[in-house]
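Here the structure comes first, spelled out in structure tokens, and everything after it is commentary.
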Amino acid sequence: MRRFVSMLTVGAMIVPCLLGPIAASAQTVAPTEGPITPIQHLVVIFQENVSFDHYFATYPNAVNADGQPVFNPLPGTPRINGLSGALMTRNPNSLNTGNGTGMVGPWRLDRTQAATADQDHDYTPEQAASNAGVMDLFPKNTGTAGPPPGTSGGESTGLVMGYYDGNTVTALWNYAQHYSMSDNSFGTNFGPSTVGAINLISGQTNGVINNTNGTGAVVEDGSGGLTDNGDADPAGDVCSTTTGETFSMSGKNIGDLLNTAGVSWGFFEGGFDMTQTNANGTTGCSRSTTSLITGVKKADYIPHHQPFQYYASTANLKHTRPTSVALIGQAGDAANHQYDISDFFTAVAAGNFPAVSFLKAPGFQDGHAGYSDPLDEQQFIVTTINYLQSLPTWSSTAVVIAYDDSDGWYDHQIAPVINQSSTTQDALTSANNCGNGTTALAGVAAGTTNAQGRCGYGPRLPLMVISPWARVNYVDHAVTDQSSIIRFVEDNWLNGTRIGNGSFDSIANSIDGMFNWAAPTSATFTLSPDSGEILSFTGVPASAVNGVPSRKGKNGLPGSGSTIK
């Protein structure tokens, strides 16, 4: 049975709540004959650094400025927990700029302002910005001034209040119209990319080992162990830093459970194959691409975005190539389930589609402000989904779009505190506290896992499901977090086995509520990677389609199956 957690309203003080015990150890994985739902292939597109309000603040209403893709919602589009009313006109952040600039947003950013400065998304500043649930100290604690210049927030830390609408993140809004999204999903903890990436695969960040060149990415957990709450590279990865902080993780992750059950899987990241040479001549760990939008040259492979590299059991530290295309996703091969993004498309095209695939775009397309942007990100997401929808296996495929952290971008909704912490790095409810300072999560055996340095849930993040089995034009309000994705994997392929050892997978709601197992749709939608608008569609009447441009740039609707050229 799914469990629902009531949310706190803006301005309310946090009432810490514990949702029940977390198992002290992993269960034994029972053999499985296959998935228990129609989903035989789960593809998780794991992107970077976006809060929910940053992309969906005014959904489904866009400004529709001249010269930009038009978005008009379908009748009956459900409401979301977004920005409106006083949050737009009398936002509490207006009085807390800390820099004398006066009113601070929220600001609408359009397509010409896709390239922005990176905001502060560290563990402590994110908590301080949330200010015990009042959500009013973002410019002061996480805001960073910078591009785009010429905007109300661009010259001040008020930039952190910026958001996009359906004229820029057009593809995501169109996917929301025809599939399922959540407006109540959170990072498992506060903190940056490494934290989110590790939570995606293990549901917890305790158990750090082999920490070297420590610069603050880890904190003592109160029981003699270490917890990750910052960015550091995986120890031993040939592309990791040689002078900065690195560490490894003990314990298990979802890959270990899938291996035990004999389920095929892989993590596919841009730049992982060091034998390739890019068009610009870069190769090895230095493979890189320059974004046409930001103008920033960024490494394709970013070590601290590759969570399986932190665990000895699932690491491929030398980036060894798979023995053959047929063995991609299979246990026992030299690549150990870690591949380049190109390997995913090669394997699927050859008829070798892993059951569970995690996709990480090359750096310039991962959506991370400062070196990537929504338009480069859209290219990757749309191209991938267009391809998957063209395959016979689409009828048994689900794509999850999720994010690692919020980048510090403003979001007005505080999460329920299901894991409290009291360290010098905590600052949510008071100095050195997140919650009431309880040092251990109920039910966790002494010396195994402790709540210290692991405050969560963290910021609200986008979460979407695109699949023939997804609910149509649906907004899920159930509380979920990053570990909800692996809970679905565990339920679908592993007979409900949990990772244990403090993983949030045992208390997380699944993403199951975003599916409609009774009535799949045969509709498909081919989107433009450039504009995000729908180019063609099948299996649905024109009256049920949003986002198809006419030759004049308006939302005229051609007949079913038509293609705009």
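Residue numbering restarts at 1 in every chain; chains get A, B, ... in the order shown in the structure tokens, and ligands count up from 1 in that same order.
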
Inset, instruction - Among the residues of range 264-512 of chain A, find those DSSP assigns to alpha helix (DSSP H) from the backbone and print them as a ChimeraX atom specification. - result: /A:341-349,374-389,483-493

Emit the selected residues as an mmCIF file, in the first residue's frame, including C-alpha atoms.
```cif
data_model
loop_
_atom_site.group_PDB
_atom_site.id
_atom_site.type_symbol
_atom_site.label_atom_id
_atom_site.label_comp_id
_atom_site.auth_asym_id
_atom_site.auth_seq_id
_atom_site.Cartn_x
_atom_site.Cartn_y
_atom_site.Cartn_z
ATOM 1 C CA ILE A 341 26.368 6.837 -23.869
ATOM 2 C CA SER A 342 27.035 5.700 -27.454
ATOM 3 C CA ASP A 343 27.089 2.097 -26.231
ATOM 4 C CA PHE A 344 23.438 2.351 -25.223
ATOM 5 C CA PHE A 345 22.285 3.231 -28.711
ATOM 6 C CA THR A 346 24.614 0.658 -30.270
ATOM 7 C CA ALA A 347 23.310 -2.112 -28.035
ATOM 8 C CA VAL A 348 19.633 -1.241 -28.445
ATOM 9 C CA ALA A 349 20.006 -0.985 -32.220
ATOM 10 C CA PRO A 374 17.786 23.947 -21.158
ATOM 11 C CA LEU A 375 18.148 24.036 -24.956
ATOM 12 C CA ASP A 376 21.208 21.771 -25.150
ATOM 13 C CA GLU A 377 19.531 19.512 -22.605
ATOM 14 C CA GLN A 378 16.378 19.381 -24.730
ATOM 15 C CA GLN A 379 18.411 18.143 -27.697
ATOM 16 C CA PHE A 380 19.587 15.120 -25.727
ATOM 17 C CA ILE A 381 16.269 14.254 -24.094
ATOM 18 C CA VAL A 382 14.154 14.599 -27.237
ATOM 19 C CA THR A 383 16.596 12.756 -29.508
ATOM 20 C CA THR A 384 16.703 9.868 -27.040
ATOM 21 C CA ILE A 385 12.932 9.600 -26.596
ATOM 22 C CA ASN A 386 12.233 10.009 -30.313
ATOM 23 C CA TYR A 387 14.525 7.050 -30.940
ATOM 24 C CA LEU A 388 12.997 4.861 -28.242
ATOM 25 C CA GLN A 389 9.470 5.595 -29.476
ATOM 26 C CA SER A 483 15.156 6.422 -4.189
ATOM 27 C CA SER A 484 11.553 5.985 -5.398
ATOM 28 C CA ILE A 485 13.032 5.104 -8.786
ATOM 29 C CA ILE A 486 15.079 2.203 -7.439
ATOM 30 C CA ARG A 487 12.091 1.106 -5.361
ATOM 31 C CA PHE A 488 10.193 0.669 -8.635
ATOM 32 C CA VAL A 489 13.107 -1.384 -10.000
ATOM 33 C CA GLU A 490 13.120 -3.515 -6.855
ATOM 34 C CA ASP A 491 9.373 -4.102 -7.028
ATOM 35 C CA ASN A 492 9.289 -4.778 -10.774
ATOM 36 C CA TRP A 493 12.289 -7.100 -11.124
#
```

Using only C-alpha atoms, find each residue of range 343-444 of chain A with at least one atom at most 12 Å away from an atom of range 460-477 of chain A; report its shortest atom-to-atom pair and that distance in Å (one decimal), sort the rows by chain and rising residue number, and return the result as a tab-separated table.
```
residue	atom	partner	partner_atom	distance
A:Ile381	CA	A:Ile466	CA	11.2
A:Val382	CA	A:Ile466	CA	11.3
A:Thr384	CA	A:Ile466	CA	11.7
A:Ile385	CA	A:Ile466	CA	8.5
A:Asn386	CA	A:Ile466	CA	11.1
A:Leu388	CA	A:Ser467	CA	10.0
A:Gln389	CA	A:Ser467	CA	8.8
A:Thr393	CA	A:Pro468	CA	10.7
A:Trp394	CA	A:Pro468	CA	7.5
A:Ser395	CA	A:Pro468	CA	6.1
A:Ser396	CA	A:Pro468	CA	7.7
A:Thr397	CA	A:Ser467	CA	6.2
A:Ala398	CA	A:Ser467	CA	4.5
A:Val399	CA	A:Ile466	CA	5.1
A:Val400	CA	A:Val465	CA	4.7
A:Ile401	CA	A:Met464	CA	5.1
A:Ala402	CA	A:Leu463	CA	4.9
A:Tyr403	CA	A:Leu461	CA	6.5
A:Asp404	CA	A:Leu461	CA	8.2
A:Asp405	CA	A:Leu461	CA	7.0
A:Ser406	CA	A:Leu461	CA	6.3
A:Asp407	CA	A:Leu461	CA	10.1
A:Gly408	CA	A:Arg460	CA	10.5
A:Trp409	CA	A:Arg460	CA	10.0
A:Tyr410	CA	A:Arg460	CA	9.5
A:Asp411	CA	A:Arg460	CA	6.8
A:His412	CA	A:Arg460	CA	8.7
A:Gln413	CA	A:Arg460	CA	6.9
A:Ile414	CA	A:Arg460	CA	7.5
A:Ala415	CA	A:Arg460	CA	7.0
A:Pro416	CA	A:Arg460	CA	10.5
```

Could you write out the selected residues, including N, CA and C atoms, as a CSV table (one decimal), in the first residue's frame?
```csv
chain,number,residue,atom,x,y,z
A,381,ILE,N,17.5,14.9,-24.6
A,381,ILE,CA,16.3,14.3,-24.1
A,381,ILE,C,15.4,13.9,-25.3
A,382,VAL,N,15.1,14.8,-26.1
A,382,VAL,CA,14.2,14.6,-27.2
A,382,VAL,C,14.7,13.6,-28.2
A,384,THR,N,16.8,11.2,-27.7
A,384,THR,CA,16.7,9.9,-27.0
A,384,THR,C,15.3,9.3,-27.1
A,385,ILE,N,14.3,10.1,-26.7
A,385,ILE,CA,12.9,9.6,-26.6
A,385,ILE,C,12.4,9.4,-28.0
A,386,ASN,N,12.7,10.3,-28.9
A,386,ASN,CA,12.2,10.0,-30.3
A,386,ASN,C,12.7,8.6,-30.8
A,388,LEU,N,13.6,6.0,-29.0
A,388,LEU,CA,13.0,4.9,-28.2
A,388,LEU,C,11.6,4.6,-28.7
A,389,GLN,N,10.9,5.7,-29.0
A,389,GLN,CA,9.5,5.6,-29.5
A,389,GLN,C,9.4,5.0,-30.9
A,393,THR,N,10.0,-2.2,-29.2
A,393,THR,CA,10.1,-2.4,-27.8
A,393,THR,C,9.4,-1.2,-27.0
A,394,TRP,N,9.0,-0.1,-27.7
A,394,TRP,CA,8.4,1.0,-27.0
A,394,TRP,C,7.2,0.6,-26.2
A,395,SER,N,6.4,-0.4,-26.7
A,395,SER,CA,5.2,-0.8,-26.0
A,395,SER,C,5.5,-1.4,-24.6
A,396,SER,N,6.8,-1.7,-24.3
A,396,SER,CA,7.1,-2.3,-23.0
A,396,SER,C,8.2,-1.5,-22.3
A,397,THR,N,8.3,-0.2,-22.7
A,397,THR,CA,9.4,0.7,-22.2
A,397,THR,C,8.8,1.8,-21.4
A,398,ALA,N,9.5,2.3,-20.4
A,398,ALA,CA,9.2,3.5,-19.6
A,398,ALA,C,10.5,4.3,-19.5
A,399,VAL,N,10.4,5.6,-19.8
A,399,VAL,CA,11.5,6.5,-19.6
A,399,VAL,C,11.2,7.4,-18.4
A,400,VAL,N,12.1,7.5,-17.5
A,400,VAL,CA,12.0,8.4,-16.3
A,400,VAL,C,13.0,9.5,-16.5
A,401,ILE,N,12.5,10.8,-16.4
A,401,ILE,CA,13.4,11.9,-16.5
A,401,ILE,C,13.5,12.4,-15.0
A,402,ALA,N,14.7,12.5,-14.5
A,402,ALA,CA,14.9,12.9,-13.1
A,402,ALA,C,16.2,13.7,-13.0
A,403,TYR,N,16.4,14.3,-11.9
A,403,TYR,CA,17.5,15.3,-11.7
A,403,TYR,C,18.2,15.0,-10.4
A,404,ASP,N,19.5,15.4,-10.4
A,404,ASP,CA,20.4,15.0,-9.3
A,404,ASP,C,20.2,16.0,-8.1
A,405,ASP,N,20.1,17.3,-8.4
A,405,ASP,CA,19.9,18.3,-7.4
A,405,ASP,C,19.3,19.6,-8.0
A,406,SER,N,19.0,20.6,-7.1
A,406,SER,CA,18.3,21.7,-7.6
A,406,SER,C,19.1,22.9,-8.1
A,407,ASP,N,20.5,22.8,-8.0
A,407,ASP,CA,21.4,23.8,-8.3
A,407,ASP,C,21.3,25.0,-7.4
A,408,GLY,N,20.4,24.9,-6.3
A,408,GLY,CA,20.1,26.1,-5.5
A,408,GLY,C,19.0,27.0,-6.0
A,409,TRP,N,18.5,26.7,-7.2
A,409,TRP,CA,17.4,27.5,-7.8
A,409,TRP,C,16.2,27.5,-6.8
A,410,TYR,N,15.5,28.6,-6.8
A,410,TYR,CA,14.4,28.8,-5.9
A,410,TYR,C,13.3,27.8,-6.2
A,411,ASP,N,12.8,27.2,-5.1
A,411,ASP,CA,11.5,26.4,-5.1
A,411,ASP,C,10.8,26.7,-3.8
A,412,HIS,N,9.5,26.9,-3.9
A,412,HIS,CA,8.7,27.5,-2.8
A,412,HIS,C,8.3,26.4,-1.8
A,413,GLN,N,8.4,25.1,-2.2
A,413,GLN,CA,7.8,24.0,-1.4
A,413,GLN,C,8.9,23.3,-0.5
A,414,ILE,N,8.7,23.3,0.8
A,414,ILE,CA,9.6,22.6,1.7
A,414,ILE,C,9.3,21.1,1.7
A,415,ALA,N,10.2,20.3,1.8
A,415,ALA,CA,10.0,18.8,1.9
A,415,ALA,C,9.7,18.4,3.3
A,416,PRO,N,9.1,17.3,3.5
A,416,PRO,CA,9.0,16.7,4.8
A,416,PRO,C,10.4,16.2,5.2
```

Inset, instruction - Would you kindly return, as a VMD selection string, each protein, DNA or RNA residue with an atom no farther than 10 Å from any atom of range 57-64 of chain A, considering only C-alpha atoms and excluding same-chain residues fewer than 4 positions away? - result: chain A and resid 51 to 53 68 to 74 77 to 84 88 106 108 110 162 to 168 170 173 to 174 176 to 177 410 to 412 554

Would you write out those residues with N, CA, C and O atoms, as a compact mmCIF listing (two decimals), in the first residue's frame?
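As written to disk, selection-v4.txt reads:
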```
# COMPACT_ATOMS: atom_id res chain seq x y z
N SER A 51 15.57 22.85 -10.06
CA SER A 51 14.47 22.75 -9.11
C SER A 51 13.16 22.64 -9.88
O SER A 51 13.07 23.01 -11.06
N PHE A 52 12.13 22.16 -9.21
CA PHE A 52 10.83 22.03 -9.87
C PHE A 52 10.33 23.40 -10.35
O PHE A 52 9.91 23.55 -11.51
N ASP A 53 10.36 24.40 -9.50
CA ASP A 53 9.87 25.73 -9.90
C ASP A 53 10.70 26.33 -11.03
O ASP A 53 10.18 27.12 -11.83
N GLN A 68 9.04 32.80 -30.30
CA GLN A 68 9.42 31.64 -29.52
C GLN A 68 8.37 30.56 -29.67
O GLN A 68 7.22 30.85 -30.04
N PRO A 69 8.74 29.29 -29.43
CA PRO A 69 7.75 28.23 -29.54
C PRO A 69 6.53 28.53 -28.66
O PRO A 69 6.67 28.98 -27.53
N VAL A 70 5.37 28.27 -29.22
CA VAL A 70 4.12 28.58 -28.51
C VAL A 70 3.66 27.36 -27.73
O VAL A 70 3.76 26.22 -28.19
N PHE A 71 3.16 27.60 -26.52
CA PHE A 71 2.58 26.52 -25.73
C PHE A 71 1.21 26.94 -25.23
O PHE A 71 1.08 27.92 -24.49
N ASN A 72 0.18 26.21 -25.64
CA ASN A 72 -1.18 26.39 -25.14
C ASN A 72 -1.65 25.07 -24.58
O ASN A 72 -1.66 24.05 -25.28
N PRO A 73 -2.05 25.03 -23.32
CA PRO A 73 -2.38 23.75 -22.69
C PRO A 73 -3.68 23.16 -23.21
O PRO A 73 -4.58 23.86 -23.67
N LEU A 74 -3.77 21.84 -23.10
CA LEU A 74 -4.99 21.15 -23.44
C LEU A 74 -6.07 21.45 -22.40
O LEU A 74 -5.76 21.65 -21.21
N THR A 77 -6.18 20.28 -18.37
CA THR A 77 -4.85 20.06 -17.80
C THR A 77 -4.89 20.29 -16.29
O THR A 77 -5.37 21.33 -15.84
N PRO A 78 -4.41 19.35 -15.50
CA PRO A 78 -4.51 19.50 -14.03
C PRO A 78 -3.61 20.61 -13.50
O PRO A 78 -2.59 20.96 -14.09
N ARG A 79 -4.01 21.16 -12.38
CA ARG A 79 -3.23 22.20 -11.72
C ARG A 79 -2.05 21.56 -10.99
O ARG A 79 -2.08 20.41 -10.59
N ILE A 80 -1.00 22.36 -10.82
CA ILE A 80 0.16 21.91 -10.06
C ILE A 80 0.40 22.84 -8.88
O ILE A 80 -0.17 23.93 -8.79
N ASN A 81 1.27 22.41 -7.99
CA ASN A 81 1.72 23.26 -6.89
C ASN A 81 2.87 24.11 -7.40
O ASN A 81 4.05 23.78 -7.23
N GLY A 82 2.52 25.21 -8.08
CA GLY A 82 3.52 26.08 -8.68
C GLY A 82 3.50 27.47 -8.09
O GLY A 82 3.11 27.67 -6.94
N LEU A 83 3.93 28.45 -8.89
CA LEU A 83 4.00 29.84 -8.43
C LEU A 83 2.81 30.62 -8.97
O LEU A 83 2.57 30.64 -10.17
N SER A 84 2.09 31.26 -8.08
CA SER A 84 0.98 32.13 -8.47
C SER A 84 0.66 33.03 -7.28
O SER A 84 1.23 32.88 -6.20
N MET A 88 4.11 35.25 -6.57
CA MET A 88 4.58 36.03 -7.70
C MET A 88 4.68 37.52 -7.37
O MET A 88 5.62 38.20 -7.78
N PRO A 106 9.89 36.39 -8.36
CA PRO A 106 10.50 35.50 -9.36
C PRO A 106 10.55 36.12 -10.76
O PRO A 106 9.69 36.91 -11.12
N ARG A 108 10.85 35.57 -14.97
CA ARG A 108 10.73 34.68 -16.12
C ARG A 108 11.95 34.85 -17.00
O ARG A 108 12.32 35.95 -17.39
N ASP A 110 13.59 33.69 -20.70
CA ASP A 110 13.12 33.13 -21.97
C ASP A 110 14.25 32.42 -22.71
O ASP A 110 15.36 32.27 -22.19
N GLY A 162 15.01 32.95 -10.89
CA GLY A 162 14.60 32.81 -12.28
C GLY A 162 13.94 31.48 -12.58
O GLY A 162 14.26 30.45 -11.99
N TYR A 163 12.99 31.52 -13.53
CA TYR A 163 12.31 30.30 -13.96
C TYR A 163 12.03 30.37 -15.45
O TYR A 163 11.97 31.44 -16.05
N TYR A 164 11.87 29.20 -16.08
CA TYR A 164 11.51 29.10 -17.49
C TYR A 164 10.06 28.64 -17.61
O TYR A 164 9.50 28.04 -16.68
N ASP A 165 9.47 28.89 -18.78
CA ASP A 165 8.13 28.36 -19.04
C ASP A 165 8.14 27.55 -20.33
O ASP A 165 9.19 27.24 -20.88
N GLY A 166 6.96 27.22 -20.83
CA GLY A 166 6.82 26.35 -21.97
C GLY A 166 7.31 26.92 -23.28
O GLY A 166 7.30 26.21 -24.30
N ASN A 167 7.76 28.18 -23.29
CA ASN A 167 8.38 28.73 -24.49
C ASN A 167 9.86 28.39 -24.57
O ASN A 167 10.49 28.60 -25.61
N THR A 168 10.44 27.87 -23.49
CA THR A 168 11.85 27.48 -23.47
C THR A 168 12.00 25.98 -23.19
O THR A 168 12.64 25.26 -23.95
N THR A 170 10.11 23.67 -23.70
CA THR A 170 8.91 23.30 -24.44
C THR A 170 8.70 21.79 -24.48
O THR A 170 7.57 21.30 -24.33
N TRP A 173 7.36 20.40 -21.19
CA TRP A 173 5.95 20.75 -21.00
C TRP A 173 5.06 19.93 -21.92
O TRP A 173 3.96 19.52 -21.53
N ASN A 174 5.50 19.68 -23.15
CA ASN A 174 4.71 18.84 -24.05
C ASN A 174 4.66 17.39 -23.58
O ASN A 174 3.62 16.73 -23.69
N ALA A 176 4.74 16.53 -20.49
CA ALA A 176 3.82 16.58 -19.35
C ALA A 176 2.37 16.53 -19.82
O ALA A 176 1.50 15.95 -19.14
N GLN A 177 2.07 17.14 -20.97
CA GLN A 177 0.71 17.15 -21.50
C GLN A 177 0.24 15.75 -21.90
O GLN A 177 -0.95 15.45 -21.81
N TYR A 410 15.53 28.63 -6.76
CA TYR A 410 14.39 28.78 -5.86
C TYR A 410 13.31 27.76 -6.15
O TYR A 410 12.96 27.49 -7.29
N ASP A 411 12.78 27.19 -5.08
CA ASP A 411 11.54 26.43 -5.12
C ASP A 411 10.79 26.75 -3.84
O ASP A 411 11.39 26.82 -2.76
N HIS A 412 9.49 26.93 -3.93
CA HIS A 412 8.74 27.46 -2.79
C HIS A 412 8.27 26.39 -1.82
O HIS A 412 7.77 26.71 -0.74
N LYS A 554 2.09 29.00 -34.89
CA LYS A 554 1.02 28.91 -33.92
C LYS A 554 0.69 27.44 -33.68
O LYS A 554 1.20 26.55 -34.35
```

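Using only C-alpha atoms, the residues found no farther than 7 Å from Thr144 in chain A, other than those of its own chain fewer than 3 positions away, are Ala117, Asp118, Gln119, Asp120, Ser156, Thr157, Leu159 and Val160 of chain A.
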
May I have the residues from that selection written out with all heavy atoms, as a CSV table (one decimal), in the first residue's frame?
```
chain,number,residue,atom,x,y,z
A,117,ALA,N,24.2,31.7,-15.0
A,117,ALA,CA,25.3,31.4,-14.0
A,117,ALA,C,24.8,30.2,-13.2
A,117,ALA,O,23.6,30.0,-12.9
A,117,ALA,CB,25.6,32.6,-13.1
A,118,ASP,N,25.8,29.4,-12.7
A,118,ASP,CA,25.6,28.3,-11.8
A,118,ASP,C,25.3,28.9,-10.4
A,118,ASP,O,26.0,29.8,-9.9
A,118,ASP,CB,26.8,27.4,-11.8
A,118,ASP,CG,26.7,26.2,-10.9
A,118,ASP,OD1,25.5,25.8,-10.6
A,118,ASP,OD2,27.7,25.6,-10.5
A,119,GLN,N,24.3,28.4,-9.7
A,119,GLN,CA,23.9,28.8,-8.4
A,119,GLN,C,24.6,28.0,-7.3
A,119,GLN,O,25.2,26.9,-7.6
A,119,GLN,CB,22.4,28.8,-8.2
A,119,GLN,CG,21.6,29.6,-9.3
A,119,GLN,CD,22.0,31.1,-9.3
A,119,GLN,OE1,21.9,31.8,-8.4
A,119,GLN,NE2,22.6,31.5,-10.5
A,120,ASP,N,24.6,28.4,-6.1
A,120,ASP,CA,25.2,27.6,-5.0
A,120,ASP,C,24.3,26.5,-4.6
A,120,ASP,O,23.2,26.7,-4.1
A,120,ASP,CB,25.5,28.5,-3.8
A,120,ASP,CG,26.4,27.9,-2.8
A,120,ASP,OD1,26.5,26.6,-2.8
A,120,ASP,OD2,26.9,28.6,-1.9
A,156,SER,N,22.3,40.5,-10.1
A,156,SER,CA,22.3,40.3,-8.6
A,156,SER,C,22.1,38.8,-8.3
A,156,SER,O,21.8,38.0,-9.1
A,156,SER,CB,21.2,41.1,-8.0
A,156,SER,OG,20.0,40.5,-8.2
A,157,THR,N,22.2,38.5,-7.0
A,157,THR,CA,22.0,37.2,-6.6
A,157,THR,C,20.5,36.8,-6.7
A,157,THR,O,20.1,35.7,-6.5
A,157,THR,CB,22.4,37.0,-5.1
A,157,THR,OG1,21.7,37.9,-4.3
A,157,THR,CG2,23.9,37.2,-5.0
A,159,LEU,N,19.1,36.4,-9.3
A,159,LEU,CA,19.0,35.5,-10.5
A,159,LEU,C,18.5,34.2,-10.1
A,159,LEU,O,17.8,33.5,-10.8
A,159,LEU,CB,20.4,35.4,-11.2
A,159,LEU,CG,20.5,34.4,-12.3
A,159,LEU,CD1,19.6,34.8,-13.5
A,159,LEU,CD2,21.9,34.2,-12.8
A,160,VAL,N,18.8,33.8,-8.8
A,160,VAL,CA,18.4,32.5,-8.3
A,160,VAL,C,16.8,32.3,-8.3
A,160,VAL,O,16.3,31.2,-8.3
A,160,VAL,CB,18.9,32.2,-6.9
A,160,VAL,CG1,18.1,33.0,-5.8
A,160,VAL,CG2,19.0,30.8,-6.5
```

Legend entry - Nearest-residue call for Gln47 in chain A, choices A:Asn516, A:Ser130, A:Asn189, A:Gln306, using only C-alpha atoms: A:Gln306

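Neighbours of His337 in chain A closer than or equal to 7 Å, with only C-alpha atoms counted and sequence neighbours fewer than 6 positions away skipped, come out as Trp265, Gly266, Phe267, Ile328, Gly329 and Gln330 of chain A.
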
Put those residues in a file: all heavy atoms, as an mmCIF file, in the first residue's frame.
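Here's the written file again38.cif:
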```cif
data_model
loop_
_atom_site.group_PDB
_atom_site.id
_atom_site.type_symbol
_atom_site.label_atom_id
_atom_site.label_comp_id
_atom_site.auth_asym_id
_atom_site.auth_seq_id
_atom_site.Cartn_x
_atom_site.Cartn_y
_atom_site.Cartn_z
ATOM 1 N N TRP A 265 21.575 -4.730 -16.943
ATOM 2 C CA TRP A 265 21.506 -3.310 -16.617
ATOM 3 C C TRP A 265 22.806 -2.628 -17.027
ATOM 4 O O TRP A 265 23.814 -3.276 -17.304
ATOM 5 C CB TRP A 265 21.258 -3.096 -15.126
ATOM 6 C CG TRP A 265 22.418 -3.503 -14.240
ATOM 7 C CD1 TRP A 265 22.720 -4.762 -13.804
ATOM 8 C CD2 TRP A 265 23.439 -2.643 -13.702
ATOM 9 N NE1 TRP A 265 23.857 -4.753 -13.026
ATOM 10 C CE2 TRP A 265 24.323 -3.461 -12.941
ATOM 11 C CE3 TRP A 265 23.702 -1.279 -13.782
ATOM 12 C CZ2 TRP A 265 25.434 -2.951 -12.269
ATOM 13 C CZ3 TRP A 265 24.807 -0.767 -13.108
ATOM 14 C CH2 TRP A 265 25.655 -1.593 -12.363
ATOM 15 N N GLY A 266 22.777 -1.304 -17.064
ATOM 16 C CA GLY A 266 23.988 -0.557 -17.355
ATOM 17 C C GLY A 266 23.833 0.917 -17.031
ATOM 18 O O GLY A 266 22.719 1.453 -17.003
ATOM 19 N N PHE A 267 24.966 1.561 -16.766
ATOM 20 C CA PHE A 267 25.040 3.017 -16.614
ATOM 21 C C PHE A 267 25.827 3.540 -17.807
ATOM 22 O O PHE A 267 26.970 3.134 -18.036
ATOM 23 C CB PHE A 267 25.725 3.403 -15.308
ATOM 24 C CG PHE A 267 25.592 4.869 -14.954
ATOM 25 C CD1 PHE A 267 24.571 5.308 -14.131
ATOM 26 C CD2 PHE A 267 26.490 5.812 -15.449
ATOM 27 C CE1 PHE A 267 24.436 6.655 -13.798
ATOM 28 C CE2 PHE A 267 26.362 7.159 -15.129
ATOM 29 C CZ PHE A 267 25.338 7.584 -14.303
ATOM 30 N N ILE A 328 26.854 -6.134 -23.598
ATOM 31 C CA ILE A 328 26.503 -4.890 -22.923
ATOM 32 C C ILE A 328 25.278 -5.134 -22.040
ATOM 33 O O ILE A 328 24.255 -5.633 -22.501
ATOM 34 C CB ILE A 328 26.233 -3.764 -23.937
ATOM 35 C CG1 ILE A 328 27.539 -3.366 -24.630
ATOM 36 C CG2 ILE A 328 25.600 -2.548 -23.265
ATOM 37 C CD1 ILE A 328 27.369 -2.360 -25.742
ATOM 38 N N GLY A 329 25.422 -4.801 -20.779
ATOM 39 C CA GLY A 329 24.351 -5.024 -19.814
ATOM 40 C C GLY A 329 24.427 -6.337 -19.082
ATOM 41 O O GLY A 329 23.709 -6.544 -18.094
ATOM 42 N N GLN A 330 25.287 -7.228 -19.520
ATOM 43 C CA GLN A 330 25.369 -8.556 -18.931
ATOM 44 C C GLN A 330 26.445 -8.618 -17.843
ATOM 45 O O GLN A 330 27.466 -7.942 -17.911
ATOM 46 C CB GLN A 330 25.676 -9.597 -20.000
ATOM 47 C CG GLN A 330 24.699 -9.592 -21.166
ATOM 48 C CD GLN A 330 23.274 -9.857 -20.735
ATOM 49 O OE1 GLN A 330 23.009 -10.765 -19.936
ATOM 50 N NE2 GLN A 330 22.336 -9.069 -21.265
#
```

Inset, instruction - Rank A:Gln127, A:Thr188, A:Ser422, A:Thr294 by their smallest atom-to-atom distance to Phe504 in chain A, using only C-alpha atoms, and report the top residue only. - result: A:Thr188

Inset, instruction - Take CA of Tyr310 in chain A and CA of Asn509 in chain A and report the distance between them in Å, one decimal. - result: 25.8 Å

Legend entry - Proximity to Asn419 in chain A - best of A:Ser528, A:Asn432, A:Ser288, A:Ser503, only C-alpha atoms: A:Ser503

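Among the candidate residues A:Ile293, A:Val195, A:Gln365, A:Asp228, the one lying nearest to Gly271 in chain A is A:Gln365, with distances computed using only C-alpha atoms.
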
Inset, instruction - Just list the residues in range 215-386 of chain A DSSP gives strand (DSSP E) on the backbone, as a PyMOL selection string. - result: chain A and resi 218-220+226-228+233-234+246-249+265-269+288-290+297-299+338-340+356-360

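CA of Pro520 in chain A is positioned 23.8 Å from CA of Gly532 in chain A.
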
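Using only C-alpha atoms, the residues found no farther than 7 Å from Thr194 in chain A, other than those of its own chain fewer than 5 positions away, are Gly230, Asp231, Ala232, His304 and His305 of chain A.
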